[in-house]
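Quick look at my_file_30.txt (compact mmCIF, C-alpha atoms):
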```
# COMPACT_ATOMS: atom_id res chain seq x y z
CA ASP D 1 -46.59 -20.11 -19.55
CA GLN D 2 -45.65 -16.49 -20.20
CA GLN D 3 -44.61 -14.93 -16.92
CA VAL D 4 -43.86 -11.58 -18.54
CA LYS D 5 -46.29 -10.30 -21.16
CA GLN D 6 -46.11 -7.36 -23.51
CA ASN D 7 -49.50 -7.42 -25.17
CA SER D 8 -48.86 -4.71 -27.75
CA PRO D 9 -46.61 -5.94 -30.57
CA SER D 10 -46.20 -2.41 -31.90
CA LEU D 11 -46.83 1.23 -31.08
CA SER D 12 -46.67 4.31 -33.28
CA VAL D 13 -46.14 7.79 -31.80
CA GLN D 14 -45.52 11.26 -33.19
CA GLU D 15 -42.18 12.88 -32.47
CA GLY D 16 -42.34 15.05 -29.35
CA ARG D 17 -45.28 13.17 -27.84
CA ILE D 18 -45.25 10.62 -25.03
CA SER D 19 -44.65 6.92 -25.69
CA ILE D 20 -46.11 4.50 -23.14
CA LEU D 21 -45.07 0.86 -23.29
CA ASN D 22 -46.82 -1.62 -21.05
CA CYS D 23 -45.84 -4.89 -19.42
CA ASP D 24 -47.68 -7.35 -17.18
CA TYR D 25 -46.23 -10.14 -15.07
CA THR D 26 -47.69 -13.08 -13.20
CA ASN D 27 -44.98 -14.19 -10.79
CA SER D 28 -45.23 -12.41 -7.44
CA MET D 29 -41.67 -13.52 -6.62
CA PHE D 30 -40.22 -11.03 -9.12
CA ASP D 31 -38.57 -8.20 -7.22
CA TYR D 32 -36.72 -6.32 -9.92
CA PHE D 33 -37.77 -5.25 -13.37
CA LEU D 34 -35.82 -3.95 -16.33
CA TRP D 35 -36.37 -2.41 -19.74
CA TYR D 36 -34.06 -3.05 -22.67
CA LYS D 37 -33.95 -1.42 -26.09
CA LYS D 38 -32.98 -3.35 -29.19
CA TYR D 39 -32.16 -2.26 -32.72
CA PRO D 40 -32.33 -4.81 -35.59
CA ALA D 41 -29.43 -7.26 -35.81
CA GLU D 42 -27.93 -5.94 -32.55
CA GLY D 43 -27.97 -7.10 -28.95
CA PRO D 44 -30.35 -5.42 -26.49
CA THR D 45 -29.03 -2.56 -24.38
CA PHE D 46 -30.14 -1.86 -20.84
CA LEU D 47 -32.34 1.19 -20.46
CA ILE D 48 -33.74 1.49 -16.96
CA SER D 49 -34.70 -0.71 -14.01
CA ILE D 50 -36.87 -0.58 -10.92
CA SER D 51 -36.89 -2.48 -7.67
CA SER D 52 -40.12 -3.77 -6.21
CA ILE D 53 -39.68 -1.48 -3.21
CA LYS D 54 -40.22 1.53 -5.47
CA ASP D 55 -43.12 2.58 -7.65
CA LYS D 56 -41.24 4.97 -9.91
CA ASN D 57 -37.77 5.42 -11.32
CA GLU D 58 -36.73 8.22 -13.64
CA ASP D 59 -33.69 8.67 -15.86
CA GLY D 60 -33.80 11.62 -18.20
CA ARG D 61 -36.56 11.13 -20.75
CA PHE D 62 -37.32 7.63 -19.45
CA THR D 63 -39.55 6.82 -16.48
CA VAL D 64 -40.64 3.39 -15.32
CA PHE D 65 -43.73 2.97 -13.17
CA LEU D 66 -44.48 -0.15 -11.15
CA ASN D 67 -47.92 -1.13 -9.84
CA LYS D 68 -47.34 -4.23 -7.73
CA SER D 69 -50.97 -4.83 -6.85
CA ALA D 70 -51.84 -4.97 -10.55
CA LYS D 71 -48.57 -6.73 -11.47
CA HIS D 72 -48.06 -4.10 -14.12
CA LEU D 73 -45.24 -1.84 -15.17
CA SER D 74 -44.92 0.78 -17.84
CA LEU D 75 -42.15 2.71 -19.55
CA HIS D 76 -42.80 6.35 -20.43
CA ILE D 77 -40.61 8.16 -22.95
CA VAL D 78 -41.05 11.93 -23.03
CA PRO D 79 -40.51 13.52 -25.46
CA SER D 80 -40.26 10.73 -28.02
CA GLN D 81 -37.57 11.08 -30.68
CA PRO D 82 -37.11 9.26 -34.01
CA GLY D 83 -33.97 7.61 -32.60
CA ASP D 84 -36.18 5.92 -30.00
CA SER D 85 -37.64 3.73 -32.74
CA ALA D 86 -36.64 0.21 -31.69
CA VAL D 87 -37.99 -2.91 -30.01
CA TYR D 88 -38.40 -2.56 -26.25
CA PHE D 89 -38.23 -5.61 -24.02
CA CYS D 90 -39.60 -5.76 -20.52
CA ALA D 91 -37.81 -8.20 -18.21
CA ALA D 92 -38.21 -9.40 -14.64
CA GLY D 93 -36.15 -11.31 -12.15
CA SER D 94 -35.91 -12.43 -8.57
CA THR D 95 -32.97 -11.87 -6.24
CA GLY D 96 -33.63 -15.43 -5.10
CA GLY D 97 -32.70 -16.77 -8.53
CA PHE D 98 -30.45 -16.09 -11.49
CA LYS D 99 -32.81 -16.13 -14.43
CA THR D 100 -34.28 -13.05 -16.03
CA ILE D 101 -37.55 -13.56 -17.89
CA PHE D 102 -38.10 -11.44 -20.99
CA GLY D 103 -41.34 -10.38 -22.62
CA ALA D 104 -41.91 -10.72 -26.36
CA GLY D 105 -41.13 -7.07 -27.01
CA THR D 106 -42.99 -4.03 -28.36
CA ARG D 107 -41.81 -2.34 -31.54
CA LEU D 108 -41.96 1.46 -31.18
CA PHE D 109 -42.17 3.69 -34.24
CA VAL D 110 -41.59 7.40 -33.66
CA LYS D 111 -42.69 9.43 -36.65
CA ALA D 112 -40.93 12.68 -37.48
CA ASP O 1 -12.79 -0.81 -23.60
CA GLY O 2 -14.95 -3.42 -21.87
CA GLY O 3 -17.69 -5.40 -23.51
CA ILE O 4 -18.91 -8.65 -24.95
CA THR O 5 -17.89 -10.01 -28.31
CA GLN O 6 -19.60 -12.68 -30.31
CA SER O 7 -18.22 -14.18 -33.45
CA PRO O 8 -19.01 -14.58 -36.21
CA LYS O 9 -21.92 -12.23 -36.87
CA TYR O 10 -23.33 -14.54 -39.57
CA LEU O 11 -22.84 -18.29 -39.70
CA PHE O 12 -24.04 -20.84 -42.21
CA ARG O 13 -23.97 -24.57 -41.64
CA LYS O 14 -25.30 -27.65 -43.33
CA GLU O 15 -28.00 -29.65 -41.61
CA GLY O 16 -26.56 -32.36 -39.35
CA GLN O 17 -23.38 -30.47 -38.50
CA ASN O 18 -22.49 -29.25 -35.03
CA VAL O 19 -21.47 -25.61 -34.78
CA THR O 20 -19.91 -23.62 -31.94
CA LEU O 21 -20.71 -19.96 -31.30
CA SER O 22 -18.12 -17.88 -29.51
CA CYS O 23 -18.78 -15.47 -26.62
CA GLU O 24 -16.07 -13.54 -24.79
CA GLN O 25 -16.40 -10.82 -22.13
CA ASN O 26 -13.86 -8.62 -20.39
CA LEU O 27 -16.28 -7.08 -17.89
CA ASN O 28 -15.14 -9.39 -15.08
CA HIS O 29 -18.70 -10.68 -14.72
CA ASP O 30 -19.27 -14.03 -13.04
CA ALA O 31 -22.62 -14.73 -14.70
CA MET O 32 -23.01 -15.43 -18.41
CA TYR O 33 -26.07 -16.38 -20.47
CA TRP O 34 -27.12 -17.64 -23.89
CA TYR O 35 -30.44 -16.65 -25.41
CA ARG O 36 -32.18 -17.44 -28.63
CA GLN O 37 -34.45 -14.99 -30.44
CA ASP O 38 -36.91 -16.02 -33.14
CA PRO O 39 -39.01 -13.59 -35.20
CA GLY O 40 -41.81 -12.05 -33.16
CA GLN O 41 -40.67 -13.69 -29.97
CA GLY O 42 -38.80 -12.58 -26.92
CA LEU O 43 -35.50 -13.87 -25.67
CA ARG O 44 -35.55 -17.48 -24.58
CA LEU O 45 -32.85 -18.69 -22.20
CA ILE O 46 -30.78 -21.63 -23.41
CA TYR O 47 -28.10 -21.98 -20.74
CA TYR O 48 -26.63 -19.83 -17.99
CA SER O 49 -23.54 -19.96 -15.84
CA GLN O 50 -23.15 -18.31 -12.46
CA ILE O 51 -19.47 -19.13 -12.07
CA VAL O 52 -16.57 -20.87 -13.80
CA ASN O 53 -16.98 -24.65 -14.26
CA ASP O 54 -20.68 -24.45 -13.45
CA PHE O 55 -23.69 -24.00 -15.69
CA GLN O 56 -27.42 -24.73 -15.68
CA LYS O 57 -30.02 -25.47 -18.33
CA GLY O 58 -32.41 -22.74 -19.24
CA ASP O 59 -35.86 -23.11 -20.74
CA ILE O 60 -34.82 -24.51 -24.13
CA ALA O 61 -31.54 -26.39 -23.56
CA GLU O 62 -32.33 -29.44 -25.67
CA GLY O 63 -29.95 -29.76 -28.60
CA TYR O 64 -27.42 -27.33 -27.14
CA SER O 65 -24.31 -27.68 -25.00
CA VAL O 66 -21.98 -25.20 -23.27
CA SER O 67 -18.76 -25.05 -21.34
CA ARG O 68 -17.35 -22.52 -18.88
CA GLU O 69 -13.67 -23.26 -18.46
CA LYS O 70 -12.68 -19.60 -18.17
CA LYS O 71 -14.46 -16.65 -16.61
CA GLU O 72 -14.21 -14.70 -19.86
CA SER O 73 -15.56 -17.35 -22.21
CA PHE O 74 -18.88 -19.17 -22.58
CA PRO O 75 -19.08 -20.96 -25.94
CA LEU O 76 -22.35 -22.49 -27.14
CA THR O 77 -22.48 -25.59 -29.33
CA VAL O 78 -25.55 -26.12 -31.45
CA THR O 79 -25.71 -29.84 -32.06
CA SER O 80 -27.39 -31.81 -34.80
CA ALA O 81 -30.03 -32.78 -32.22
CA GLN O 82 -31.44 -29.24 -32.24
CA LYS O 83 -34.50 -29.48 -34.48
CA ASN O 84 -34.80 -25.82 -35.47
CA PRO O 85 -31.34 -24.28 -35.11
CA THR O 86 -31.81 -21.33 -37.46
CA ALA O 87 -32.14 -18.29 -35.19
CA PHE O 88 -30.46 -15.20 -33.78
CA TYR O 89 -28.27 -16.12 -30.79
CA LEU O 90 -27.38 -13.63 -28.08
CA CYS O 91 -24.80 -13.94 -25.33
CA ALA O 92 -24.91 -11.79 -22.19
CA SER O 93 -23.09 -11.32 -18.92
CA SER O 94 -23.90 -9.63 -15.63
CA LEU O 95 -23.11 -9.10 -12.01
CA PRO O 96 -25.52 -11.02 -9.75
CA HIS O 97 -29.09 -9.74 -10.02
CA ARG O 98 -28.05 -6.77 -12.11
CA GLU O 99 -28.71 -5.71 -15.68
CA GLN O 100 -27.27 -7.90 -18.39
CA PHE O 101 -24.84 -6.69 -21.02
CA PHE O 102 -25.42 -8.27 -24.41
CA GLY O 103 -23.14 -9.04 -27.29
CA PRO O 104 -24.00 -8.09 -30.89
CA GLY O 105 -25.44 -11.53 -31.63
CA THR O 106 -24.77 -14.30 -34.14
CA ARG O 107 -27.29 -15.15 -36.82
CA LEU O 108 -27.08 -18.87 -37.53
CA THR O 109 -28.63 -20.25 -40.68
CA VAL O 110 -28.76 -23.99 -41.20
CA LEU O 111 -29.17 -24.96 -44.84
```
When written as structure tokens, how does the structure in this file appear?
Amino acid sequence: DQQVKQNSPSLSVQEGRISILNCDYTNSMFDYFLWYKKYPAEGPTFLISISSIKDKNEDGRFTVFLNKSAKHLSLHIVPSQPGDSAVYFCAAGSTGGFKTIFGAGTRLFVKA
Amino acid sequence: DGGITQSPKYLFRKEGQNVTLSCEQNLNHDAMYWYRQDPGQGLRLIYYSQIVNDFQKGDIAEGYSVSREKKESFPLTVTSAQKNPTAFYLCASSLPHREQFFGPGTRLTVL
């Protein structure tokens, strides 16, 4: 049972345009959400997070939006750069537990 | 500087042999985790530890074992009971309910 789903395996975007990566979750107990970026043969690195009490969090070119009623979150990257090309993992957790559940990832290609 | 180290980066073993993957952190984090990544899949939790001398099974613990004798160290043993051990293994650590910091990973290939 996939509690965190990233339905798009890949996404291709032109440099300078917006990249939108989507994530859906099923467990209403999740109260914090995170995005990680991963290059091949490396460990993921934390990008940005959002608490369930917020609907938006922004950090430079990266913004995460949370729609609790739809159990959906998205990561916006503006403007996209070739160095953003990587796999992006959505993750969710509950402050009542210790496990973080990861989605399958979306591979982003930013074309120069 | 602080971080997580995993060694070795590549590891080859013969089928039927146990192998231990190293994970060390100097971030002073209480929680540590082991994940497995297979092609086209997300990160699946093998084991996690909230504190020294305590650990819990994750979603795919069968065929694996861990120990947490020191705060800094969380080694993972892949036993011969693990049916499909060839994978990319990632170790992570965190403060409670905060983002996880990952090591560079170990790619294990069982021949």
Chain O residues near chain D within 9 Å, closest pair each, using all atoms listed in the file, as a tab-separated table:
```
residue	atom	partner	partner_atom	distance
O:Ala31	CA	D:Phe98	CA	8.6
O:Gly40	CA	D:Ala104	CA	6.9
O:Gln41	CA	D:Ala104	CA	4.8
O:Gly42	CA	D:Ala104	CA	3.7
O:Leu43	CA	D:Phe102	CA	5.9
O:Arg44	CA	D:Phe102	CA	7.5
O:Leu45	CA	D:Lys99	CA	8.2
O:Tyr48	CA	D:Lys99	CA	8.0
O:Gln50	CA	D:Phe98	CA	7.7
O:Gly58	CA	D:Lys99	CA	8.2
O:Phe88	CA	D:Ala41	CA	8.3
O:Leu90	CA	D:Gly43	CA	6.6
O:Cys91	CA	D:Gly43	CA	8.4
O:Ala92	CA	D:Gly43	CA	8.8
O:Pro96	CA	D:Phe98	CA	7.3
O:His97	CA	D:Thr95	CA	5.8
O:Arg98	CA	D:Tyr32	CA	9.0
O:Glu99	CA	D:Phe46	CA	6.6
O:Gln100	CA	D:Phe46	CA	7.1
O:Phe101	CA	D:Thr45	CA	6.8
O:Phe102	CA	D:Gly43	CA	5.3
O:Gly103	CA	D:Gly43	CA	5.5
O:Pro104	CA	D:Gly43	CA	4.5
O:Gly105	CA	D:Gly43	CA	5.8
O:Thr106	CA	D:Ala41	CA	8.6
O:Arg107	CA	D:Ala41	CA	8.2
```
Suppose you want the space between atom CA of Glu15 of chain O and atom CA of Tyr64 of chain O; what is it in Å?
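Between atom CA of Glu15 of chain O and atom CA of Tyr64 of chain O the gap works out to 14.7 Å.
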Which residue gives the smallest distance to Val78 of chain O among O:Gln25, O:Ile46, O:Ser94, O:Thr5, with only C-alpha atoms counted?
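For Val78 of chain O, the nearest of the candidates is O:Ile46.
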Residue neighbourhood Gln14 of chain D, 9 Å, all atoms listed in the file, exclusion window fewer than 4 positions, as an NGL selection string
:D and (18-19 or 80-82 or 109-112)
Between O:Ile4, O:Val66, O:Ala81, O:Ile60, which residue has the minimum interatomic distance to Leu21 of chain O, considering all atoms listed in the file?
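Nearest to Leu21 of chain O: O:Val66.
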Coordinates-based distance that separates atom CA of Phe62 of chain D from atom CA of Trp34 of chain O (Å, one decimal)
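Computing the Euclidean distance for atom CA of Trp34 of chain O and atom CA of Phe62 of chain D yields 27.6 Å.
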Record the distance separating atom CA of His72 of chain D and atom CA of Cys23 of chain D, expressed in Å with one decimal.
5.8 Å
Give the answer as one residue: which of D:Phe30, D:Ala86, D:Gly16, D:Asn22 has the shortest atom-to-atom distance to Phe65 of chain D, using all atoms listed in the file?
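Closest to Phe65 of chain D, using all atoms listed in the file: D:Asn22.
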